[in-house]
Amino acid sequence: MKFSESWLRSFVDPACSGHAFSHLLTMAGLEVEAEETVAPRFDQVVVAQVLSVDKHPGADRLNVCRVDVGSGEPLQIVCGAPNAAVGIKVPCALPGAELPGGFRIKVAKVRGVESSGMLCSARELGIAEDAAGLLLLAADAPVGEDIRRHLDLDDRLLTLKLTPNRADCLSLEGVAREVAALTGTPARFTEVAEVEVTLTTERAVVLDAPAACPRYCGRVIAGVDGTAATPAWMRRRLERSGLRPISALVDITNYVMLELGQPLHAFDNSRLHGAIHARMAQAGETISLLNEQTLTLQPDILLISDAQRPVAMAGIMGDEASGITPATTEVFLESAFFAPAAIAGRARRYGFVSDASHRFERGVDFAGTRRALERATRLVIDICGGQAGPVSEASASLPARQPVRLRPARVAKVLGLPLTAERIGELFTRLALPFSRDGQDFVVTPPSYRFDIEIEEDLIEEIARLHGYENIPSAAPQAVLTMLPQTEQARPLARVRQILADCGYQEVVNFAFVEEAWEADFAGNAQLIRLANPIASHLSVMRSSLIGGLVANVATNLKRRQNRVRVFETGRCFFRDPQGGPVAGFHQPWKLTALAYGTALPEQWGGAARQVDFFDLKGDLETLLAPLVARFEKAEHPALHPGRCARVLVAGKGIGFVGELHPQWQQKYELPLPAVLFELDLEALTTATLPHYAEVSRQPIVIRDMALVVDQALELQQLIDALSANRPTIVRDVRLFDVYAGRGVEAGKKSLAFRIVMQDTQKTLLEVEVEAAMQQMVAYLEDTFAAQLRV
């Protein structure tokens, strides 16, 4: 809801102004989303009248004008505007004036002719984008008056961000009613009297769908001038409310909608046939709207039709064939109440919204239908002329306003603020909420314009708003708190996140609903969990993997020239579970996924740049799991490179995968370099093992290296597992430190170099014991894997 503050102050004029006024509205629940002045800062611009216009002697497109600025002596000004003419009144920037953008006006010569000022367009004053010519002012504009005062350019434009329940504030009268209640300032509402009926012509109204349209009023106004100009004051208020003036008849309906909150529609009466019907659409029926859309309607669409065809989507938009044109001389003016349930969502279904549907689907004052019609009729006759016919009205069962009971004790409990019955009664009176007393209780009957008051808590909210949220004391909560145990067998999620952050990763949070293609590409998931009402058409399924979101994060960063990315996410994934789960039919485990892209290290002088690879991420994964020891097995995963993927096992149980993104998805999602990632079950990371005491040996360690030549196809893990299971007792650790294949090694073979760490807790090892242990391991590997000692 956008409007000018000066228009609002014509209804109610409180003492507060500026930001204090905006703060007052915001704290009352009418959030001021934006505030701006009509025009930017400028000075020394006055109303001027052009006295003469002569051609410039040195330029065909310039004129030399004599201008009266109210100072006694006319000024000579050179002007290039095409609409400069004798007698017009326009804004004139005097010498010394500063225009928007810091442009200062000086006495200067233009092509040899002295110019003492500047005649201005609306664009040069910063009040419109139109630069077709000078801004023409009204003929009665006082010469010499400051233009800011004359056009009220210091007026502020306020935009309210209303919640859907406050439809009563979608009008100037509604907002004025709130301001009057908040400040105690008397409000001056528009006085609307019945227009004298001087015409016998009328059109019958029939309610074929009384539940959807319980009240419909209309009247014929004949002899109107469809070409009449909209008054400047009305144009100004419409423009400052964000509406574009169209024609006087259309502008009047928009003006009354903004003023009173009642949407109206004007039909060309000569294009209507027979009675007006409010009915439901027939399946397959079509209508061509004023926005040039032709729609095929569904049976739940409420229509306004004549005896031959539909002439409007009720409460949304009229059709083009019955619309107002400059040739219109007779109008049928409509004012109706449509049930919110009959209008809600219908316009959005066809991909558009209108000011009328925005109001009707939230609730319009059904008691103000006739008043709005009389107000619009008076404006039409005053501006466009004509004679008014009798009002044709049809009514059915209007919404019942059920009384709501309020208990003062409940108010004190909810707000934590004891308010006296007198104070509550005062607040209800200021809000114009009729009430009666039943013992200590208040029984409030909501007005016809308050669709949001249905239960006791709604009244408590009204009391809190008017009393002032800032006046409600803030008391610290009091409760008996118990510190929960945190055992060494559980690792907090915060610790897991901290480890990854220490490794250089940044946490991200993505939507749990994703693109359908992601599920096929990154999870191979055919049992999709579809959303019944997705927030966007492409985010239509629930995720079973976090990989897609991280790949999208990388793609977004690359578009912003961030070429090194480390991200991770923890979150729920969603699977169908025929056996049933915590939520019937679904399983929702927590997962952790991390992805690295770009160089292994940030750009630096201390080392050569290289791309991150599988082993970099494997190292980060082992750091994350420590003190748990992971085992890695060759595996396949829909998202990962077939030859660069491994299953991660801890204590023999698979907990996830690590690997390089599949080249197919790398190309599809436009990643110039391969990304490396791992995805794990979060439960495995939040479980820790209890530490066990072990004596630290005081004896020195002995280190030996052993290089073995084995078949190229032999997996390292298989060899490590065998050595670990059959190593001598003095061997503490076996680590691979080199892999070689090439010159000096037989084709089809590879050389694996191990570092053997030996130690005894009781004595210093003798050379003979070390050699015996080495011989034992070499013999075992030769017998088991046909390994050969490389010398």
# chains A, B, ... in the order shown; residues from 1 in each chain; ligands from 1
>>> residues_around(residues="stretch 220-233 of chain A", least_positions_apart="5", cutoff="8 Å", atoms="only C-alpha atoms", output="compact mmCIF listing (two decimals) with N, CA and C atoms, in the first residue's frame")
# COMPACT_ATOMS: atom_id res chain seq x y z
N LEU A 199 -32.39 10.23 -13.48
CA LEU A 199 -32.49 9.39 -14.68
C LEU A 199 -33.26 8.14 -14.30
N THR A 201 -33.27 5.32 -16.19
CA THR A 201 -32.64 4.11 -16.75
C THR A 201 -31.96 3.31 -15.65
N GLU A 202 -32.23 2.02 -15.63
CA GLU A 202 -31.53 1.14 -14.69
C GLU A 202 -31.34 -0.23 -15.32
N ARG A 203 -30.45 -1.00 -14.72
CA ARG A 203 -30.16 -2.34 -15.24
C ARG A 203 -30.33 -3.33 -14.09
N PRO A 245 -2.41 7.41 -14.20
CA PRO A 245 -3.70 7.94 -14.68
C PRO A 245 -3.98 7.47 -16.11
N SER A 247 -7.82 7.55 -17.72
CA SER A 247 -8.87 8.45 -18.16
C SER A 247 -9.69 8.82 -16.93
N ALA A 248 -10.47 9.87 -17.03
CA ALA A 248 -11.17 10.36 -15.85
C ALA A 248 -12.06 9.28 -15.24
N LEU A 249 -12.83 8.54 -16.07
CA LEU A 249 -13.75 7.53 -15.54
C LEU A 249 -13.01 6.40 -14.84
N ASP A 251 -9.89 6.61 -13.68
CA ASP A 251 -9.14 7.19 -12.56
C ASP A 251 -10.04 7.37 -11.33
N ASN A 269 -21.98 1.18 -20.72
CA ASN A 269 -23.34 0.64 -20.63
C ASN A 269 -23.93 0.30 -21.99
N ILE A 324 -14.18 0.96 -20.87
CA ILE A 324 -14.39 2.39 -21.11
C ILE A 324 -13.46 2.87 -22.22
N THR A 325 -14.00 3.72 -23.11
CA THR A 325 -13.21 4.34 -24.18
C THR A 325 -13.51 5.84 -24.19
N PRO A 326 -12.72 6.64 -24.93
CA PRO A 326 -13.04 8.07 -25.01
C PRO A 326 -14.43 8.35 -25.59
N ALA A 327 -14.98 7.38 -26.34
CA ALA A 327 -16.31 7.58 -26.94
C ALA A 327 -17.44 7.23 -25.99
N THR A 328 -17.13 6.75 -24.80
CA THR A 328 -18.17 6.34 -23.85
C THR A 328 -18.98 7.55 -23.39
N THR A 329 -20.30 7.42 -23.45
CA THR A 329 -21.20 8.48 -22.97
C THR A 329 -22.14 7.98 -21.89
N GLU A 330 -22.15 6.67 -21.66
CA GLU A 330 -23.05 6.10 -20.66
C GLU A 330 -22.32 4.95 -19.98
N VAL A 331 -22.24 5.00 -18.66
CA VAL A 331 -21.50 3.98 -17.93
C VAL A 331 -22.43 3.24 -16.98
N PHE A 332 -22.07 1.99 -16.71
CA PHE A 332 -22.71 1.23 -15.63
C PHE A 332 -21.63 1.03 -14.58
N LEU A 333 -21.85 1.64 -13.43
CA LEU A 333 -20.85 1.65 -12.36
C LEU A 333 -21.16 0.54 -11.38
N THR A 377 -20.06 8.00 -7.87
CA THR A 377 -21.06 8.67 -8.70
C THR A 377 -20.91 10.19 -8.62
N VAL A 380 -17.90 11.27 -10.63
CA VAL A 380 -18.15 11.17 -12.08
C VAL A 380 -18.97 12.37 -12.55
N ILE A 381 -20.03 12.69 -11.84
CA ILE A 381 -20.89 13.81 -12.26
C ILE A 381 -20.14 15.13 -12.17
N ILE A 383 -16.89 15.64 -12.43
CA ILE A 383 -15.75 15.74 -13.34
C ILE A 383 -16.17 15.50 -14.79
N CYS A 384 -17.04 14.52 -15.02
CA CYS A 384 -17.40 14.14 -16.39
C CYS A 384 -18.82 14.53 -16.75
N GLY A 385 -19.56 15.06 -15.81
CA GLY A 385 -20.94 15.42 -16.09
C GLY A 385 -21.84 14.20 -16.10
N GLY A 386 -23.10 14.39 -16.49
CA GLY A 386 -24.03 13.28 -16.61
C GLY A 386 -25.12 13.28 -15.58
N GLN A 387 -26.02 12.29 -15.69
CA GLN A 387 -27.15 12.13 -14.80
C GLN A 387 -27.13 10.73 -14.23
N ALA A 388 -27.47 10.60 -12.97
CA ALA A 388 -27.41 9.31 -12.29
C ALA A 388 -28.77 8.65 -12.24
N GLY A 389 -28.78 7.35 -12.52
CA GLY A 389 -29.99 6.57 -12.40
C GLY A 389 -30.10 5.95 -11.02
N PRO A 390 -31.19 5.24 -10.75
CA PRO A 390 -31.36 4.60 -9.45
C PRO A 390 -30.37 3.46 -9.27
N VAL A 391 -30.07 3.16 -8.02
CA VAL A 391 -29.14 2.08 -7.69
C VAL A 391 -29.87 0.74 -7.79
>>> residues_around(residues="stretch 205-209 of chain A", least_positions_apart="6", cutoff="7 Å", atoms="only C-alpha atoms", output="short mmCIF file (atom, residue, chain, number, x, y, z; two decimals) with C-alpha atoms, in the first residue's frame")
data_model
loop_
_atom_site.label_atom_id
_atom_site.label_comp_id
_atom_site.auth_asym_id
_atom_site.auth_seq_id
_atom_site.Cartn_x
_atom_site.Cartn_y
_atom_site.Cartn_z
CA ALA A 275 -29.54 -7.95 -16.79
CA ILE A 276 -26.23 -8.26 -14.95
CA HIS A 277 -25.58 -11.71 -13.48
CA ALA A 278 -23.06 -12.76 -10.83
CA ARG A 279 -22.51 -16.43 -11.69
CA MET A 280 -19.89 -19.17 -11.83
CA SER A 392 -29.82 -1.56 -8.62
CA GLU A 393 -28.93 -3.68 -5.60
CA ALA A 394 -29.14 -7.39 -4.91
#
>>> closest_atom_pairs(of="stretch 645-741 of chain A", to="stretch 624-631 of chain A", cutoff="10 Å", atoms="only C-alpha atoms", output="tab-separated table")
residue	atom	partner	partner_atom	distance
A:Ala646	CA	A:Arg631	CA	9.3
A:Arg647	CA	A:Arg631	CA	8.1
A:Val648	CA	A:Arg631	CA	5.9
A:Leu649	CA	A:Arg631	CA	5.0
A:Val650	CA	A:Ala630	CA	5.0
A:Ala651	CA	A:Ala630	CA	7.7
A:Gly652	CA	A:Arg631	CA	7.9
A:Lys653	CA	A:Arg631	CA	9.4
A:Gly654	CA	A:Arg631	CA	9.1
A:Ile655	CA	A:Ala630	CA	9.5
A:Ala684	CA	A:Leu625	CA	8.7
A:Leu685	CA	A:Leu625	CA	6.5
A:Thr686	CA	A:Leu625	CA	9.4
A:Thr687	CA	A:Leu628	CA	9.5
A:Ala688	CA	A:Leu628	CA	7.5
A:Thr689	CA	A:Leu628	CA	7.6
A:Leu690	CA	A:Pro627	CA	9.9
A:Pro691	CA	A:Pro627	CA	9.2
A:Gln717	CA	A:Arg631	CA	8.0
A:Asp721	CA	A:Arg631	CA	9.8
>>> write_last_selection(atoms="all heavy atoms", output="CSV table (one decimal), in the first residue's frame")
chain,number,residue,atom,x,y,z
A,646,ALA,N,35.9,-44.2,-3.6
A,646,ALA,CA,36.1,-45.2,-2.6
A,646,ALA,C,35.0,-45.1,-1.6
A,646,ALA,O,34.5,-44.0,-1.2
A,646,ALA,CB,37.4,-45.0,-1.9
A,647,ARG,N,34.6,-46.3,-1.1
A,647,ARG,CA,33.7,-46.4,0.1
A,647,ARG,C,34.5,-46.2,1.3
A,647,ARG,O,35.6,-46.7,1.5
A,647,ARG,CB,32.9,-47.7,0.1
A,647,ARG,CG,32.0,-47.9,1.2
A,647,ARG,CD,31.2,-49.2,1.2
A,647,ARG,NE,30.3,-49.3,0.2
A,647,ARG,CZ,30.4,-50.0,-1.0
A,647,ARG,NH1,31.6,-50.6,-1.2
A,647,ARG,NH2,29.5,-50.0,-1.9
A,648,VAL,N,33.9,-45.4,2.3
A,648,VAL,CA,34.6,-45.2,3.6
A,648,VAL,C,33.9,-46.1,4.6
A,648,VAL,O,32.7,-46.1,4.8
A,648,VAL,CB,34.4,-43.7,4.0
A,648,VAL,CG1,35.1,-43.5,5.3
A,648,VAL,CG2,34.9,-42.8,2.9
A,649,LEU,N,34.8,-46.9,5.3
A,649,LEU,CA,34.3,-47.8,6.3
A,649,LEU,C,35.0,-47.5,7.6
A,649,LEU,O,36.2,-47.2,7.7
A,649,LEU,CB,34.6,-49.3,5.9
A,649,LEU,CG,33.9,-49.8,4.6
A,649,LEU,CD1,34.9,-49.7,3.5
A,649,LEU,CD2,33.4,-51.2,4.8
A,650,VAL,N,34.3,-47.6,8.7
A,650,VAL,CA,34.8,-47.4,10.1
A,650,VAL,C,34.3,-48.6,10.9
A,650,VAL,O,33.1,-48.9,10.9
A,650,VAL,CB,34.3,-46.1,10.7
A,650,VAL,CG1,34.8,-46.1,12.2
A,650,VAL,CG2,35.0,-44.9,9.9
A,651,ALA,N,35.2,-49.4,11.4
A,651,ALA,CA,34.9,-50.6,12.2
A,651,ALA,C,34.1,-51.6,11.4
A,651,ALA,O,33.1,-52.2,11.8
A,651,ALA,CB,34.1,-50.2,13.5
A,652,GLY,N,34.4,-51.6,10.1
A,652,GLY,CA,33.8,-52.6,9.2
A,652,GLY,C,32.4,-52.1,8.6
A,652,GLY,O,31.8,-52.8,7.8
A,653,LYS,N,31.9,-50.9,9.0
A,653,LYS,CA,30.6,-50.4,8.6
A,653,LYS,C,30.8,-49.3,7.6
A,653,LYS,O,31.5,-48.3,7.9
A,653,LYS,CB,29.8,-50.0,9.8
A,653,LYS,CG,28.4,-49.5,9.5
A,653,LYS,CD,27.7,-49.0,10.7
A,653,LYS,CE,26.4,-48.4,10.4
A,653,LYS,NZ,25.7,-47.9,11.6
A,654,GLY,N,30.1,-49.4,6.5
A,654,GLY,CA,30.2,-48.3,5.5
A,654,GLY,C,29.5,-47.0,6.0
A,654,GLY,O,28.3,-47.1,6.4
A,655,ILE,N,30.2,-45.9,5.9
A,655,ILE,CA,29.6,-44.6,6.4
A,655,ILE,C,29.5,-43.6,5.3
A,655,ILE,O,29.0,-42.5,5.6
A,655,ILE,CB,30.3,-44.1,7.6
A,655,ILE,CG1,31.8,-43.7,7.2
A,655,ILE,CG2,30.4,-45.1,8.8
A,655,ILE,CD1,32.5,-42.9,8.3
A,684,ALA,N,27.9,-41.3,12.3
A,684,ALA,CA,29.2,-41.9,12.5
A,684,ALA,C,30.3,-40.9,13.0
A,684,ALA,O,31.2,-41.2,13.7
A,684,ALA,CB,29.7,-42.5,11.2
A,685,LEU,N,30.1,-39.6,12.7
A,685,LEU,CA,31.0,-38.6,13.1
A,685,LEU,C,30.8,-38.0,14.5
A,685,LEU,O,31.7,-37.4,15.1
A,685,LEU,CB,31.0,-37.4,12.1
A,685,LEU,CG,31.3,-37.8,10.6
A,685,LEU,CD1,31.0,-36.6,9.7
A,685,LEU,CD2,32.8,-38.2,10.5
A,686,THR,N,29.6,-38.2,14.9
A,686,THR,CA,29.2,-37.7,16.3
A,686,THR,C,29.4,-38.7,17.4
A,686,THR,O,29.0,-38.5,18.5
A,686,THR,CB,27.8,-37.1,16.3
A,686,THR,OG1,26.9,-38.1,15.8
A,686,THR,CG2,27.7,-35.9,15.4
A,687,THR,N,29.9,-39.9,17.0
A,687,THR,CA,30.2,-41.0,17.9
A,687,THR,C,31.7,-41.1,18.1
A,687,THR,O,32.4,-41.2,17.1
A,687,THR,CB,29.5,-42.3,17.4
A,687,THR,OG1,28.1,-42.1,17.3
A,687,THR,CG2,29.8,-43.4,18.5
A,688,ALA,N,32.2,-41.1,19.3
A,688,ALA,CA,33.6,-41.2,19.5
A,688,ALA,C,33.9,-42.4,20.4
A,688,ALA,O,33.0,-42.9,21.1
A,688,ALA,CB,34.1,-39.9,20.2
A,689,THR,N,35.1,-42.9,20.4
A,689,THR,CA,35.5,-44.0,21.3
A,689,THR,C,36.1,-43.5,22.5
A,689,THR,O,36.8,-42.4,22.5
A,689,THR,CB,36.5,-44.9,20.5
A,689,THR,OG1,37.6,-44.1,20.1
A,689,THR,CG2,35.9,-45.6,19.3
A,690,LEU,N,35.9,-44.2,23.6
A,690,LEU,CA,36.6,-43.8,24.9
A,690,LEU,C,38.1,-44.0,24.8
A,690,LEU,O,38.5,-45.1,24.3
A,690,LEU,CB,36.0,-44.6,26.0
A,690,LEU,CG,34.6,-44.2,26.5
A,690,LEU,CD1,34.1,-45.2,27.5
A,690,LEU,CD2,34.6,-42.8,27.1
A,691,PRO,N,38.9,-43.1,25.3
A,691,PRO,CA,40.3,-43.3,25.3
A,691,PRO,C,40.7,-44.4,26.3
A,691,PRO,O,40.1,-44.6,27.3
A,691,PRO,CB,40.8,-41.9,25.7
A,691,PRO,CG,39.7,-41.3,26.5
A,691,PRO,CD,38.5,-41.8,25.8
A,717,GLN,N,45.3,-51.7,0.0
A,717,GLN,CA,44.6,-52.0,1.3
A,717,GLN,C,44.7,-53.5,1.6
A,717,GLN,O,44.8,-53.8,2.8
A,717,GLN,CB,43.2,-51.6,1.2
A,717,GLN,CG,42.4,-51.6,2.5
A,717,GLN,CD,42.9,-50.6,3.5
A,717,GLN,OE1,43.1,-49.4,3.2
A,717,GLN,NE2,43.3,-51.1,4.6
A,721,ASP,N,46.3,-54.7,5.1
A,721,ASP,CA,45.5,-55.5,6.0
A,721,ASP,C,46.3,-56.8,6.3
A,721,ASP,O,46.3,-57.3,7.5
A,721,ASP,CB,44.2,-55.9,5.4
A,721,ASP,CG,43.3,-54.7,5.3
A,721,ASP,OD1,43.6,-53.7,5.9
A,721,ASP,OD2,42.3,-54.7,4.5
>>> select_by_dssp(residues="stretch 391-449 of chain A", states="alpha helix (DSSP H)", output="ChimeraX atom specification")
/A:408-415,421-430
>>> closest_atom_pairs(of="stretch 244-350 of chain A", to="stretch 169-189 of chain A", cutoff="7 Å", atoms="only C-alpha atoms", output="CSV")
residue,atom,partner,partner_atom,distance
A:Leu258,CA,A:Ser171,CA,4.9
A:Glu259,CA,A:Leu172,CA,5.0
A:Leu260,CA,A:Ser171,CA,5.5
A:Gly261,CA,A:Ser171,CA,4.5
>>> write_last_selection(atoms="N, CA and C atoms", output="tab-separated table (two decimals), in the first residue's frame")
chain	number	residue	atom	x	y	z
A	258	LEU	N	-8.58	3.54	-3.57
A	258	LEU	CA	-7.52	3.94	-2.65
A	258	LEU	C	-8.08	4.69	-1.45
A	259	GLU	N	-9.10	5.49	-1.68
A	259	GLU	CA	-9.65	6.32	-0.61
A	259	GLU	C	-10.45	5.49	0.39
A	260	LEU	N	-11.36	4.64	-0.10
A	260	LEU	CA	-12.28	3.92	0.77
A	260	LEU	C	-11.98	2.43	0.89
A	261	GLY	N	-11.11	1.91	0.00
A	261	GLY	CA	-10.78	0.48	0.06
A	261	GLY	C	-11.73	-0.40	-0.72
>>> select_by_dssp(residues="stretch 49-182 of chain A", states="strand (DSSP E or B)", output="ChimeraX atom specification")
/A:49-55,63-68,75-79,89-93,98-99,103-104,108-110,113-115,118-119,146,156-161
>>> closest_residue(among="A:Gln478, A:Ser545, A:Gln666, A:Asn726", to="A:Glu679", atoms="only C-alpha atoms")
A:Ser545
>>> closest_residue(among="A:Gln699, A:Ala787, A:Gly416, A:Gly96", to="A:Ala476", atoms="only C-alpha atoms")
A:Gly416
>>> residues_around(residues="A:Gln776", least_positions_apart="6", cutoff="12 Å", atoms="only C-alpha atoms", output="PyMOL selection string")
chain A and resi 723+726-731+769-770+782-783
>>> write_last_selection(atoms="N, CA, C and O atoms", output="compact mmCIF listing (two decimals), in the first residue's frame")
# COMPACT_ATOMS: atom_id res chain seq x y z
N LEU A 723 49.59 -57.35 6.28
CA LEU A 723 50.74 -57.05 7.12
C LEU A 723 50.31 -56.75 8.56
O LEU A 723 50.96 -57.17 9.51
N ASN A 726 49.52 -59.96 10.43
CA ASN A 726 50.57 -60.98 10.58
C ASN A 726 51.93 -60.37 10.90
O ASN A 726 52.96 -60.98 10.64
N ARG A 727 51.96 -59.20 11.45
CA ARG A 727 53.24 -58.54 11.74
C ARG A 727 53.81 -59.07 13.06
O ARG A 727 53.06 -59.48 13.95
N PRO A 728 55.11 -59.05 13.20
CA PRO A 728 55.74 -59.44 14.47
C PRO A 728 55.30 -58.50 15.59
O PRO A 728 54.89 -57.36 15.36
N THR A 729 55.42 -58.94 16.82
CA THR A 729 54.92 -58.16 17.97
C THR A 729 55.66 -56.85 18.17
O THR A 729 55.11 -55.91 18.74
N ILE A 730 56.92 -56.78 17.72
CA ILE A 730 57.67 -55.54 17.94
C ILE A 730 57.36 -54.47 16.89
O ILE A 730 57.78 -53.31 17.03
N VAL A 731 56.63 -54.83 15.84
CA VAL A 731 56.29 -53.86 14.79
C VAL A 731 55.10 -53.02 15.26
O VAL A 731 54.02 -53.55 15.54
N GLU A 769 67.22 -58.93 16.33
CA GLU A 769 65.76 -59.00 16.47
C GLU A 769 65.07 -58.18 15.36
O GLU A 769 64.03 -58.59 14.81
N VAL A 770 65.67 -57.04 15.03
CA VAL A 770 65.12 -56.21 13.96
C VAL A 770 65.19 -56.94 12.63
O VAL A 770 64.22 -56.99 11.86
N GLU A 782 56.26 -62.60 0.36
CA GLU A 782 56.66 -63.39 -0.81
C GLU A 782 55.75 -64.60 -0.99
O GLU A 782 55.35 -64.92 -2.12
N ASP A 783 55.42 -65.26 0.12
CA ASP A 783 54.58 -66.46 0.02
C ASP A 783 53.13 -66.11 -0.31
O ASP A 783 52.47 -66.83 -1.07
>>> residues_around(residues="A:Ala409", least_positions_apart="6", cutoff="12 Å", atoms="only C-alpha atoms", output="list in words")
Leu415, Gly416, Leu417, Pro418, Leu419, Thr420, Ala421, Ile424, Gln440, Asp441, Phe442, Glu456 and Ile460 of chain A
>>> residues_around(residues="A:Asp452", least_positions_apart="2", cutoff="10 Å", atoms="only C-alpha atoms", output="short mmCIF file (atom, residue, chain, number, x, y, z; two decimals) with all heavy atoms, in the first residue's frame")
data_model
loop_
_atom_site.label_atom_id
_atom_site.label_comp_id
_atom_site.auth_asym_id
_atom_site.auth_seq_id
_atom_site.Cartn_x
_atom_site.Cartn_y
_atom_site.Cartn_z
N PRO A 164 -1.20 -10.02 5.62
CA PRO A 164 -2.43 -10.35 4.88
C PRO A 164 -3.71 -10.16 5.67
O PRO A 164 -4.78 -10.01 5.08
CB PRO A 164 -2.22 -11.83 4.52
CG PRO A 164 -0.74 -12.03 4.53
CD PRO A 164 -0.22 -11.12 5.59
N ASN A 165 -3.63 -10.15 7.01
CA ASN A 165 -4.86 -10.03 7.80
C ASN A 165 -5.36 -8.59 7.93
O ASN A 165 -6.47 -8.37 8.37
CB ASN A 165 -4.63 -10.62 9.20
CG ASN A 165 -3.57 -9.83 9.98
OD1 ASN A 165 -2.57 -9.42 9.42
ND2 ASN A 165 -3.79 -9.64 11.26
N ARG A 166 -4.55 -7.60 7.54
CA ARG A 166 -4.95 -6.20 7.73
C ARG A 166 -5.45 -5.59 6.43
O ARG A 166 -4.98 -4.55 5.97
CB ARG A 166 -3.81 -5.39 8.32
CG ARG A 166 -3.40 -5.77 9.72
CD ARG A 166 -4.58 -5.83 10.69
NE ARG A 166 -5.39 -4.63 10.70
CZ ARG A 166 -5.17 -3.59 11.50
NH1 ARG A 166 -4.16 -3.63 12.36
NH2 ARG A 166 -5.94 -2.54 11.46
N ALA A 167 -6.46 -6.22 5.84
CA ALA A 167 -7.05 -5.68 4.61
C ALA A 167 -7.73 -4.35 4.85
O ALA A 167 -7.89 -3.56 3.92
CB ALA A 167 -8.04 -6.69 4.03
N ASP A 168 -8.13 -4.07 6.09
CA ASP A 168 -8.80 -2.81 6.39
C ASP A 168 -7.88 -1.62 6.21
O ASP A 168 -8.36 -0.47 6.12
CB ASP A 168 -9.36 -2.83 7.81
CG ASP A 168 -8.26 -3.04 8.85
OD1 ASP A 168 -7.59 -4.09 8.78
OD2 ASP A 168 -8.08 -2.18 9.72
N ARG A 362 -8.61 -10.63 0.55
CA ARG A 362 -8.31 -10.40 1.96
C ARG A 362 -9.53 -9.94 2.74
O ARG A 362 -9.54 -10.05 3.97
CB ARG A 362 -7.18 -9.37 2.09
CG ARG A 362 -5.82 -9.93 1.70
CD ARG A 362 -4.82 -8.83 1.39
NE ARG A 362 -3.48 -9.37 1.22
CZ ARG A 362 -3.06 -10.01 0.14
NH1 ARG A 362 -3.91 -10.18 -0.88
NH2 ARG A 362 -1.84 -10.49 0.05
N GLY A 363 -10.52 -9.44 2.04
CA GLY A 363 -11.74 -9.01 2.71
C GLY A 363 -11.98 -7.53 2.60
O GLY A 363 -11.17 -6.72 3.06
N PRO A 446 -16.90 -7.45 16.12
CA PRO A 446 -16.00 -6.82 15.14
C PRO A 446 -16.78 -6.03 14.10
O PRO A 446 -17.86 -6.45 13.66
CB PRO A 446 -15.28 -8.01 14.50
CG PRO A 446 -15.45 -9.13 15.47
CD PRO A 446 -16.78 -8.90 16.12
N TYR A 449 -15.51 -4.15 8.60
CA TYR A 449 -14.25 -4.05 7.87
C TYR A 449 -13.11 -4.82 8.55
O TYR A 449 -11.99 -4.84 8.04
CB TYR A 449 -13.84 -2.59 7.67
CG TYR A 449 -13.84 -1.77 8.94
CD1 TYR A 449 -12.76 -1.79 9.82
CD2 TYR A 449 -14.92 -0.96 9.26
CE1 TYR A 449 -12.76 -1.05 10.99
CE2 TYR A 449 -14.92 -0.20 10.42
CZ TYR A 449 -13.85 -0.25 11.28
OH TYR A 449 -13.85 0.49 12.44
N ARG A 450 -13.35 -5.44 9.70
CA ARG A 450 -12.29 -6.16 10.41
C ARG A 450 -12.49 -7.67 10.27
O ARG A 450 -13.13 -8.32 11.09
CB ARG A 450 -12.26 -5.76 11.88
CG ARG A 450 -11.80 -4.34 12.15
CD ARG A 450 -10.42 -4.04 11.62
NE ARG A 450 -9.38 -4.83 12.21
CZ ARG A 450 -8.66 -4.46 13.27
NH1 ARG A 450 -8.91 -3.30 13.86
NH2 ARG A 450 -7.72 -5.23 13.74
N GLU A 454 -11.34 -12.75 15.11
CA GLU A 454 -12.19 -13.94 15.21
C GLU A 454 -12.09 -14.62 16.58
O GLU A 454 -13.03 -15.27 17.01
CB GLU A 454 -11.84 -14.95 14.12
CG GLU A 454 -12.10 -14.44 12.70
CD GLU A 454 -11.74 -15.47 11.66
OE1 GLU A 454 -10.92 -16.37 11.97
OE2 GLU A 454 -12.28 -15.40 10.54
N ILE A 455 -10.93 -14.50 17.23
CA ILE A 455 -10.71 -15.20 18.50
C ILE A 455 -10.17 -14.21 19.53
O ILE A 455 -9.80 -13.08 19.20
CB ILE A 455 -9.74 -16.39 18.33
CG1 ILE A 455 -8.39 -15.91 17.80
CG2 ILE A 455 -10.33 -17.45 17.42
CD1 ILE A 455 -7.36 -17.01 17.69
N ASP A 458 -6.87 -12.41 18.97
CA ASP A 458 -6.90 -11.28 18.03
C ASP A 458 -7.14 -9.97 18.78
O ASP A 458 -6.54 -8.92 18.47
CB ASP A 458 -7.98 -11.49 16.98
CG ASP A 458 -7.70 -12.67 16.07
OD1 ASP A 458 -6.52 -12.98 15.87
OD2 ASP A 458 -8.67 -13.28 15.58
N LEU A 459 -8.01 -10.00 19.76
CA LEU A 459 -8.28 -8.79 20.56
C LEU A 459 -7.08 -8.44 21.44
O LEU A 459 -6.76 -7.26 21.63
CB LEU A 459 -9.52 -9.01 21.42
CG LEU A 459 -10.85 -9.14 20.66
CD1 LEU A 459 -11.98 -9.46 21.62
CD2 LEU A 459 -11.15 -7.85 19.89
#
